[in-house]
$ cat input_19.cif   # mmCIF, C-alpha atoms
data_final
#
loop_
_atom_site.label_atom_id
_atom_site.label_comp_id
_atom_site.auth_asym_id
_atom_site.auth_seq_id
_atom_site.Cartn_x
_atom_site.Cartn_y
_atom_site.Cartn_z
CA MET A 1 -10.66 -19.75 -0.65
CA THR A 2 -10.03 -17.19 2.11
CA HIS A 3 -11.49 -13.70 2.06
CA VAL A 4 -7.99 -12.32 1.48
CA GLU A 5 -7.47 -14.53 -1.58
CA ASP A 6 -10.88 -13.64 -3.02
CA GLU A 7 -10.28 -9.93 -2.53
CA LEU A 8 -6.74 -9.85 -3.86
CA ASN A 9 -7.88 -11.77 -6.97
CA SER A 10 -10.51 -9.11 -7.70
CA GLN A 11 -8.01 -6.25 -7.96
CA PRO A 12 -7.77 -5.89 -11.76
CA GLU A 13 -11.51 -5.23 -12.03
CA CYS A 14 -11.41 -2.90 -9.02
CA TRP A 15 -8.61 -0.90 -10.62
CA ILE A 16 -10.64 -0.44 -13.79
CA ARG A 17 -13.49 1.01 -11.75
CA ALA A 18 -11.22 3.17 -9.58
CA ALA A 19 -9.50 4.69 -12.64
CA ALA A 20 -12.89 5.45 -14.18
CA GLN A 21 -14.10 7.04 -10.96
CA ALA A 22 -11.11 9.40 -10.92
CA ALA A 23 -12.55 11.16 -13.94
CA HIS A 24 -15.73 11.94 -11.97
CA SER A 25 -14.21 12.95 -8.65
CA GLY A 26 -14.83 16.65 -9.33
CA GLY A 27 -13.07 18.90 -6.86
CA ALA A 28 -12.78 16.27 -4.15
CA LEU A 29 -9.16 15.49 -5.02
CA PRO A 30 -6.27 18.00 -5.04
CA GLY A 31 -5.69 20.20 -8.04
CA PRO A 32 -2.33 21.22 -9.52
CA GLY A 33 -0.37 23.65 -7.39
CA GLU A 34 -2.08 22.87 -4.09
CA ARG A 35 0.10 22.15 -1.07
CA VAL A 36 -1.21 18.79 0.11
CA ALA A 37 -0.76 16.25 2.89
CA ILE A 38 -2.00 12.68 2.49
CA VAL A 39 -2.58 10.72 5.69
CA GLY A 40 -3.56 7.25 6.77
CA CYS A 41 -2.85 4.48 9.25
CA GLY A 42 -1.10 1.19 8.60
CA THR A 43 -1.56 0.14 4.99
CA SER A 44 -3.23 3.46 4.16
CA TYR A 45 -0.18 5.32 5.43
CA PHE A 46 2.06 3.41 3.02
CA MET A 47 -0.33 4.16 0.15
CA ALA A 48 -0.20 7.81 1.21
CA GLN A 49 3.60 7.72 0.94
CA ALA A 50 3.40 6.32 -2.58
CA ALA A 51 0.75 8.80 -3.69
CA ALA A 52 2.63 11.77 -2.22
CA ALA A 53 5.83 10.83 -4.03
CA LEU A 54 3.94 10.37 -7.30
CA ARG A 55 2.15 13.73 -7.03
CA GLU A 56 5.22 15.76 -6.15
CA GLY A 57 7.31 13.91 -8.73
CA ALA A 58 4.74 14.80 -11.38
CA GLY A 59 5.12 18.51 -10.61
CA GLN A 60 1.59 18.80 -9.21
CA GLY A 61 2.67 20.51 -6.01
CA GLU A 62 4.42 19.96 -2.71
CA THR A 63 2.97 16.81 -1.15
CA ASP A 64 3.73 15.19 2.20
CA ALA A 65 2.58 11.93 3.76
CA PHE A 66 2.03 11.27 7.45
CA ALA A 67 0.66 8.66 9.74
CA ALA A 68 -2.56 10.30 10.94
CA SER A 69 -1.32 10.24 14.54
CA GLU A 70 1.84 12.17 13.56
CA PHE A 71 0.31 15.03 11.57
CA PRO A 72 2.11 18.36 12.14
CA TYR A 73 -0.72 20.74 12.94
CA GLY A 74 1.53 23.79 12.76
CA ARG A 75 2.30 23.23 9.09
CA PRO A 76 -0.07 24.90 6.58
CA TYR A 77 -1.70 22.91 3.78
CA ASP A 78 -4.29 23.77 1.15
CA ARG A 79 -5.83 20.34 1.52
CA VAL A 80 -5.44 17.17 3.58
CA VAL A 81 -6.50 13.87 2.03
CA ALA A 82 -7.24 10.94 4.36
CA LEU A 83 -7.23 7.32 3.19
CA THR A 84 -9.43 5.17 5.43
CA ARG A 85 -11.00 1.90 4.38
CA SER A 86 -13.32 1.60 7.37
CA GLY A 87 -14.12 5.27 7.89
CA THR A 88 -13.96 4.64 11.63
CA THR A 89 -10.25 4.76 12.50
CA THR A 90 -9.79 6.87 15.62
CA GLU A 91 -6.64 8.74 14.57
CA VAL A 92 -8.10 9.71 11.19
CA LEU A 93 -11.38 10.96 12.66
CA ASP A 94 -9.53 12.93 15.34
CA LEU A 95 -7.37 14.59 12.69
CA LEU A 96 -10.31 15.51 10.46
CA GLY A 97 -12.14 16.91 13.46
CA GLN A 98 -9.23 19.15 14.41
CA LEU A 99 -8.89 20.43 10.84
CA LYS A 100 -12.61 21.16 10.42
CA GLY A 101 -13.11 24.78 9.41
CA ARG A 102 -9.33 25.38 9.16
CA THR A 103 -8.13 23.28 6.25
CA ARG A 104 -10.10 21.69 3.44
CA THR A 105 -10.18 17.91 3.86
CA ALA A 106 -11.08 14.96 1.68
CA ALA A 107 -11.46 11.28 2.52
CA VAL A 108 -11.21 8.22 0.33
CA THR A 109 -13.15 5.40 1.98
CA ALA A 110 -14.85 2.10 1.25
CA ASP A 111 -17.87 2.42 3.54
CA PRO A 112 -20.43 5.21 3.02
CA ASP A 113 -22.18 4.48 6.32
CA THR A 114 -19.44 5.59 8.69
CA PRO A 115 -18.50 8.76 10.61
CA VAL A 116 -15.93 9.86 8.02
CA MET A 117 -18.78 10.86 5.69
CA THR A 118 -19.47 13.94 7.81
CA ALA A 119 -15.98 14.39 9.23
CA ALA A 120 -14.39 15.34 5.88
CA ASP A 121 -15.38 18.19 3.57
CA ASP A 122 -15.18 16.02 0.43
CA ILE A 123 -15.65 12.27 0.03
CA VAL A 124 -14.72 9.67 -2.57
CA VAL A 125 -16.36 6.29 -1.91
CA LEU A 126 -14.83 3.13 -3.37
CA ASP A 127 -17.52 0.80 -2.04
CA PHE A 128 -16.80 -1.77 -4.75
CA ALA A 129 -13.34 -2.21 -3.17
CA ASP A 130 -14.57 -2.77 0.40
CA GLU A 131 -13.31 -5.89 2.13
CA ARG A 132 -14.40 -8.45 4.69
CA SER A 133 -10.84 -9.30 5.63
CA VAL A 134 -8.70 -7.65 8.26
CA VAL A 135 -5.67 -7.65 5.95
CA GLN A 136 -6.07 -4.93 3.33
CA THR A 137 -5.46 -5.69 -0.34
CA ARG A 138 -7.90 -4.35 -2.92
CA PHE A 139 -9.01 -1.18 -1.13
CA ALA A 140 -5.46 0.02 -0.69
CA THR A 141 -4.43 -0.61 -4.28
CA SER A 142 -7.72 0.79 -5.61
CA ALA A 143 -7.27 3.99 -3.61
CA LEU A 144 -3.76 4.38 -5.03
CA THR A 145 -5.10 3.63 -8.51
CA LEU A 146 -7.68 6.39 -8.05
CA LEU A 147 -4.92 8.85 -7.17
CA ARG A 148 -2.61 7.67 -9.97
CA ALA A 149 -5.41 8.10 -12.49
CA HIS A 150 -6.27 11.53 -11.08
CA LEU A 151 -2.64 12.52 -11.70
CA GLY A 152 -2.68 11.07 -15.22
CA LEU A 153 -0.22 8.37 -14.13
CA HIS A 154 -2.38 5.26 -14.56
CA PRO A 155 -0.58 3.18 -17.23
CA ASP A 156 -2.63 1.39 -19.88
CA THR A 157 -0.73 -1.80 -19.08
CA VAL A 158 -1.23 -1.92 -15.31
CA VAL A 159 -4.44 -3.99 -15.32
CA ALA A 160 -2.88 -6.58 -17.62
CA ASP A 161 0.16 -6.63 -15.33
CA ALA A 162 -2.12 -7.20 -12.34
CA ARG A 163 -3.73 -10.17 -14.08
CA ALA A 164 -0.28 -11.55 -14.87
CA ALA A 165 0.69 -11.09 -11.22
CA LEU A 166 -2.25 -13.27 -10.18
CA PHE A 167 -1.46 -16.21 -12.45
CA THR A 168 2.31 -16.22 -12.96
CA PRO A 169 3.95 -18.78 -10.64
CA LEU A 170 6.00 -17.35 -7.80
CA PRO A 171 9.77 -17.85 -8.12
CA GLU A 172 10.94 -21.33 -7.17
CA GLY A 173 12.03 -21.56 -3.55
CA LEU A 174 10.55 -18.20 -2.55
CA VAL A 175 7.85 -19.62 -0.26
CA ASP A 176 10.48 -21.58 1.63
CA CYS A 177 12.60 -18.55 2.52
CA THR A 178 12.92 -17.63 6.18
CA GLN A 179 13.39 -13.87 5.78
CA PHE A 180 12.09 -11.37 3.21
CA THR A 181 13.25 -7.87 2.30
CA PHE A 182 11.32 -5.56 -0.03
CA LEU A 183 13.01 -2.61 -1.74
CA GLY A 184 11.70 0.44 -3.58
CA CYS A 185 12.79 3.71 -5.15
CA GLY A 186 10.79 6.93 -5.12
CA TRP A 187 7.07 6.20 -4.97
CA THR A 188 7.67 2.46 -4.68
CA VAL A 189 9.31 2.81 -1.26
CA GLY A 190 5.78 2.99 0.16
CA LEU A 191 4.84 -0.13 -1.79
CA ALA A 192 7.86 -1.97 -0.41
CA SER A 193 6.80 -1.06 3.13
CA GLU A 194 3.29 -2.28 2.40
CA ALA A 195 4.58 -5.58 0.98
CA GLY A 196 6.52 -6.10 4.18
CA LEU A 197 3.46 -5.34 6.28
CA LYS A 198 1.38 -7.88 4.34
CA MET A 199 3.98 -10.56 5.05
CA ARG A 200 4.04 -9.76 8.75
CA GLU A 201 0.24 -9.57 9.09
CA ALA A 202 -0.71 -12.66 7.11
CA SER A 203 2.22 -15.01 7.68
CA LEU A 204 4.09 -13.69 10.74
CA SER A 205 7.24 -13.55 8.62
CA TRP A 206 10.49 -11.81 9.45
CA THR A 207 10.22 -9.05 6.87
CA GLU A 208 11.92 -5.70 6.31
CA ALA A 209 11.61 -2.89 3.76
CA TYR A 210 14.04 -0.17 2.67
CA PRO A 211 14.77 2.37 -0.04
CA ALA A 212 16.89 0.36 -2.46
CA MET A 213 20.05 2.44 -2.14
CA GLU A 214 19.84 2.27 1.67
CA TYR A 215 19.84 -1.51 1.58
CA ARG A 216 23.57 -1.51 0.93
CA HIS A 217 24.21 0.65 4.01
CA GLY A 218 23.91 -2.18 6.50
CA PRO A 219 20.74 -4.25 5.90
CA ILE A 220 22.36 -6.36 3.18
CA SER A 221 24.38 -7.96 6.00
CA ILE A 222 21.40 -10.18 6.89
CA THR A 223 21.14 -11.54 3.34
CA THR A 224 22.26 -15.12 2.86
CA ARG A 225 21.04 -18.47 1.57
CA GLY A 226 17.43 -18.88 2.60
CA THR A 227 16.59 -15.16 2.45
CA ALA A 228 14.88 -13.24 -0.35
CA THR A 229 15.24 -9.67 -1.58
CA TRP A 230 12.43 -8.38 -3.80
CA MET A 231 12.73 -5.17 -5.82
CA LEU A 232 9.54 -3.24 -6.64
CA GLY A 233 10.42 -1.13 -9.67
CA GLN A 234 13.75 -0.54 -11.37
CA ALA A 235 16.73 -1.72 -9.34
CA PRO A 236 19.87 0.42 -8.98
CA ASP A 237 22.75 -0.78 -11.11
CA GLY A 238 24.70 -3.62 -9.55
CA LEU A 239 22.32 -4.33 -6.68
CA ALA A 240 21.00 -7.62 -8.05
CA GLU A 241 24.53 -8.92 -8.50
CA GLN A 242 25.48 -7.92 -4.96
CA VAL A 243 22.47 -9.76 -3.52
CA ARG A 244 23.12 -12.89 -5.56
CA ALA A 245 26.73 -12.87 -4.38
CA THR A 246 25.50 -13.31 -0.79
CA GLY A 247 23.68 -16.53 -1.72
CA GLY A 248 20.29 -14.88 -1.22
CA LEU A 249 17.38 -15.11 -3.66
CA TRP A 250 16.92 -11.98 -5.80
CA VAL A 251 13.39 -11.29 -7.10
CA ASP A 252 13.29 -8.77 -9.93
CA GLY A 253 10.12 -6.70 -10.22
CA SER A 254 9.41 -6.81 -13.94
CA LEU A 255 5.75 -5.77 -13.76
CA ASP A 256 4.26 -2.39 -12.88
CA PRO A 257 5.21 -1.87 -9.21
CA LEU A 258 1.57 -1.89 -8.10
CA ALA A 259 1.14 -5.26 -9.81
CA GLU A 260 4.30 -6.44 -8.08
CA LEU A 261 2.57 -5.63 -4.79
CA VAL A 262 -0.19 -8.03 -5.86
CA ARG A 263 2.47 -10.73 -6.27
CA ALA A 264 3.74 -9.94 -2.78
CA GLN A 265 0.19 -10.29 -1.44
CA ARG A 266 0.04 -13.74 -3.04
CA LEU A 267 3.33 -14.63 -1.40
CA ALA A 268 1.98 -13.63 2.01
CA VAL A 269 -1.01 -15.95 1.57
CA ALA A 270 1.19 -18.78 0.28
CA VAL A 271 3.62 -18.52 3.19
CA ALA A 272 0.70 -18.42 5.64
CA ALA A 273 -0.66 -21.61 4.11
CA ARG A 274 2.75 -23.27 4.29
CA ARG A 275 2.94 -22.41 8.00
CA GLY A 276 -0.62 -23.52 8.78
CA LEU A 277 -1.86 -19.98 9.46
CA ASP A 278 -5.22 -18.46 8.54
CA PRO A 279 -4.65 -15.08 6.83
CA ASP A 280 -8.26 -14.15 7.54
CA ARG A 281 -7.48 -14.23 11.27
CA PRO A 282 -4.19 -12.37 11.72
CA ARG A 283 -2.82 -12.37 15.24
CA HIS A 284 -3.75 -9.42 17.49
CA LEU A 285 -5.36 -7.43 14.63
CA THR A 286 -8.84 -6.04 13.93
CA ARG A 287 -10.34 -4.60 10.75
CA SER A 288 -10.38 -1.08 12.19
CA VAL A 289 -8.45 0.40 15.09
CA ILE A 290 -10.92 2.22 17.35
CA LEU A 291 -9.32 3.51 20.52
CA ALA A 292 -11.22 3.89 23.78
CA PRO A 293 -12.10 7.54 24.52
#

$ encode --input "input_19.cif" --output "structure tokens"
Amino acid sequence: MTHVEDELNSQPECWIRAAAQAAHSGGALPGPGERVAIVGCGTSYFMAQAAAALREGAGQGETDAFAASEFPYGRPYDRVVALTRSGTTTEVLDLLGQLKGRTRTAAVTADPDTPVMTAADDIVVLDFADERSVVQTRFATSALTLLRAHLGLHPDTVVADARAALFTPLPEGLVDCTQFTFLGCGWTVGLASEAGLKMREASLSWTEAYPAMEYRHGPISITTRGTATWMLGQAPDGLAEQVRATGGLWVDGSLDPLAELVRAQRLAVAVAARRGLDPDRPRHLTRSVILAP
């Protein structure tokens, strides 16, 4: 079993611990009414997008998400939350350094022995969700679980859905597809982008991701026999029928969207295996991006 497989299989238990930790996070995480930005890089950026949409949608306050390298320093926030598995990512540390003494910052990380521990004002450590693999799975979903639980949006059924996602067979013919598109609505747009990233990282697949309603404004033109379109969350009316009419494979996300992401992670590993690739050694990637000074 690869590190990626071992780590993605451990997610239900990690989510239980992350949800419990949310109740003991004190003032490290944003309170209602604060104007907040959530930042990250790569996978963490997509989790930031999902968390920001959830928080603002819940009426907790205006919430934006940015890639750490694209943060708008002229825009005022009450708090900036950084998601960083390694605690060493250059863009995140640079951002926290520039905000020091100006804006309250918090970091959610997996490693307590890294520079982020002193770079941020507040820290939440999910060390039980740390990973050996380059390709992120359980840290990203555990960080989002922490934030969902903090917002009171952690469903009682999500852990059971995650276990179902690990053991339910993937749809017939899905692994053999040559192109994959992931769709989301609202907070699941970030999850769709992350599912696409997992496919590209682990299996070098041609993969795209869109807001579901945008898919009909051009991207559906690539859909045909041998392609797959996977919806994370509730699909807009009529979309499934339109995809099936192209001859493409439609995958309906019937589980909690975060559990559907677990299924997409499984697909990435399965396609990698089919193509003779090692998902623990993704091409051109490292566990943390540390830029030369």

$ residues_around --input "input_19.cif" --residues "Tyr215 of chain A" --least-positions-apart "2" --cutoff "10 Å" --atoms "all atoms listed in the file" --output "PyMOL selection string"
chain A and resi 181-184+209-213+217-221+229+239

$ residues_around --input "input_19.cif" --residues "segment 171-176 of chain A" --least-positions-apart "2" --cutoff "10 Å" --atoms "only C-alpha atoms" --output "PyMOL selection string"
chain A and resi 168-169+178-180+226-229+249-252+267-275

$ closest_residue --input "input_19.cif" --among "A:Arg216, A:Arg102, A:Arg148, A:Arg281" --to "Ala52 of chain A" --atoms "all atoms listed in the file"
A:Arg148

$ residues_around --input "input_19.cif" --residues "segment 108-124 of chain A" --least-positions-apart "6" --cutoff "12 Å" --atoms "all atoms listed in the file" --output "ChimeraX atom specification"
/A:14,18,21-30,38-40,44,47-48,79-102,130-132,136,138-140,142-147,288

$ write_last_selection --input "input_19.cif" --atoms "C-alpha atoms" --output "tab-separated table (two decimals), in the coordinates of the input"
chain	number	residue	atom	x	y	z
A	14	CYS	CA	-11.41	-2.90	-9.02
A	18	ALA	CA	-11.22	3.17	-9.58
A	21	GLN	CA	-14.10	7.04	-10.96
A	22	ALA	CA	-11.11	9.40	-10.92
A	23	ALA	CA	-12.55	11.16	-13.94
A	24	HIS	CA	-15.73	11.94	-11.97
A	25	SER	CA	-14.21	12.95	-8.65
A	26	GLY	CA	-14.83	16.65	-9.33
A	27	GLY	CA	-13.07	18.90	-6.86
A	28	ALA	CA	-12.78	16.27	-4.15
A	29	LEU	CA	-9.16	15.49	-5.02
A	30	PRO	CA	-6.27	18.00	-5.04
A	38	ILE	CA	-2.00	12.68	2.49
A	39	VAL	CA	-2.58	10.72	5.69
A	40	GLY	CA	-3.56	7.25	6.77
A	44	SER	CA	-3.23	3.46	4.16
A	47	MET	CA	-0.33	4.16	0.15
A	48	ALA	CA	-0.20	7.81	1.21
A	79	ARG	CA	-5.83	20.34	1.52
A	80	VAL	CA	-5.44	17.17	3.58
A	81	VAL	CA	-6.50	13.87	2.03
A	82	ALA	CA	-7.24	10.94	4.36
A	83	LEU	CA	-7.23	7.32	3.19
A	84	THR	CA	-9.43	5.17	5.43
A	85	ARG	CA	-11.00	1.90	4.38
A	86	SER	CA	-13.32	1.60	7.37
A	87	GLY	CA	-14.12	5.27	7.89
A	88	THR	CA	-13.96	4.64	11.63
A	89	THR	CA	-10.25	4.76	12.50
A	90	THR	CA	-9.79	6.87	15.62
A	91	GLU	CA	-6.64	8.74	14.57
A	92	VAL	CA	-8.10	9.71	11.19
A	93	LEU	CA	-11.38	10.96	12.66
A	94	ASP	CA	-9.53	12.93	15.34
A	95	LEU	CA	-7.37	14.59	12.69
A	96	LEU	CA	-10.31	15.51	10.46
A	97	GLY	CA	-12.14	16.91	13.46
A	98	GLN	CA	-9.23	19.15	14.41
A	99	LEU	CA	-8.89	20.43	10.84
A	100	LYS	CA	-12.61	21.16	10.42
A	101	GLY	CA	-13.11	24.78	9.41
A	102	ARG	CA	-9.33	25.38	9.16
A	130	ASP	CA	-14.57	-2.77	0.40
A	131	GLU	CA	-13.31	-5.89	2.13
A	132	ARG	CA	-14.40	-8.45	4.69
A	136	GLN	CA	-6.07	-4.93	3.33
A	138	ARG	CA	-7.90	-4.35	-2.92
A	139	PHE	CA	-9.01	-1.18	-1.13
A	140	ALA	CA	-5.46	0.02	-0.69
A	142	SER	CA	-7.72	0.79	-5.61
A	143	ALA	CA	-7.27	3.99	-3.61
A	144	LEU	CA	-3.76	4.38	-5.03
A	145	THR	CA	-5.10	3.63	-8.51
A	146	LEU	CA	-7.68	6.39	-8.05
A	147	LEU	CA	-4.92	8.85	-7.17
A	288	SER	CA	-10.38	-1.08	12.19

$ atom_distance --input "input_19.cif" --atom1 "atom CA of Gln242 of chain A" --atom2 "atom CA of Thr188 of chain A"
20.6 Å

$ atom_distance --input "input_19.cif" --atom1 "atom CA of Glu194 of chain A" --atom2 "atom CA of Thr137 of chain A"
9.8 Å

$ closest_residue --input "input_19.cif" --among "A:Leu153, A:Leu191, A:Val36, A:Cys185" --to "Thr105 of chain A" --atoms "all atoms listed in the file"
A:Val36

$ closest_residue --input "input_19.cif" --among "A:Ser203, A:Thr246, A:Thr63, A:Thr223" --to "Val135 of chain A" --atoms "only C-alpha atoms"
A:Ser203

$ atom_distance --input "input_19.cif" --atom1 "atom CA of Asp6 of chain A" --atom2 "atom CA of Phe46 of chain A"
22.2 Å

$ axis_aligned_box --input "input_19.cif" --around "segment 71-83 of chain A" --padding-each-side "8 Å" --output "AutoDock Vina command-line options"
--center_x -2.5 --center_y 16.1 --center_z 7.0 --size_x 25.5 --size_y 33.6 --size_z 27.8

$ resolve_selection --input "input_19.cif" --expression "the PyMOL selection byres ((chain A and resi 280) around 9)" --output "PyMOL selection string"
chain A and resi 2-4+132-135+202+277-279+281-282

$ residues_around --input "input_19.cif" --residues "Gln60 of chain A" --least-positions-apart "3" --cutoff "9 Å" --atoms "all atoms listed in the file" --output "VMD selection string"
chain A and resid 30 to 35 54 to 57 63 151

$ closest_residue --input "input_19.cif" --among "A:Gly74, A:Ala37, A:Ala245, A:Leu232" --to "Arg104 of chain A" --atoms "all atoms listed in the file"
A:Ala37

$ resolve_selection --input "input_19.cif" --expression "the PyMOL selection byres ((chain A and resi 13) around 12)" --output "MDAnalysis selection string"
chainID A and resid 7:12 14:20 128:129 138:139 141:142 145 158:160 162:163

$ closest_residue --input "input_19.cif" --among "A:Ala235, A:Ala264, A:Ala259, A:Gly152" --to "Thr207 of chain A" --atoms "all atoms listed in the file"
A:Ala264

$ closest_residue --input "input_19.cif" --among "A:Ala195, A:Leu166, A:Ala107, A:Ala51" --to "Glu5 of chain A" --atoms "only C-alpha atoms"
A:Leu166
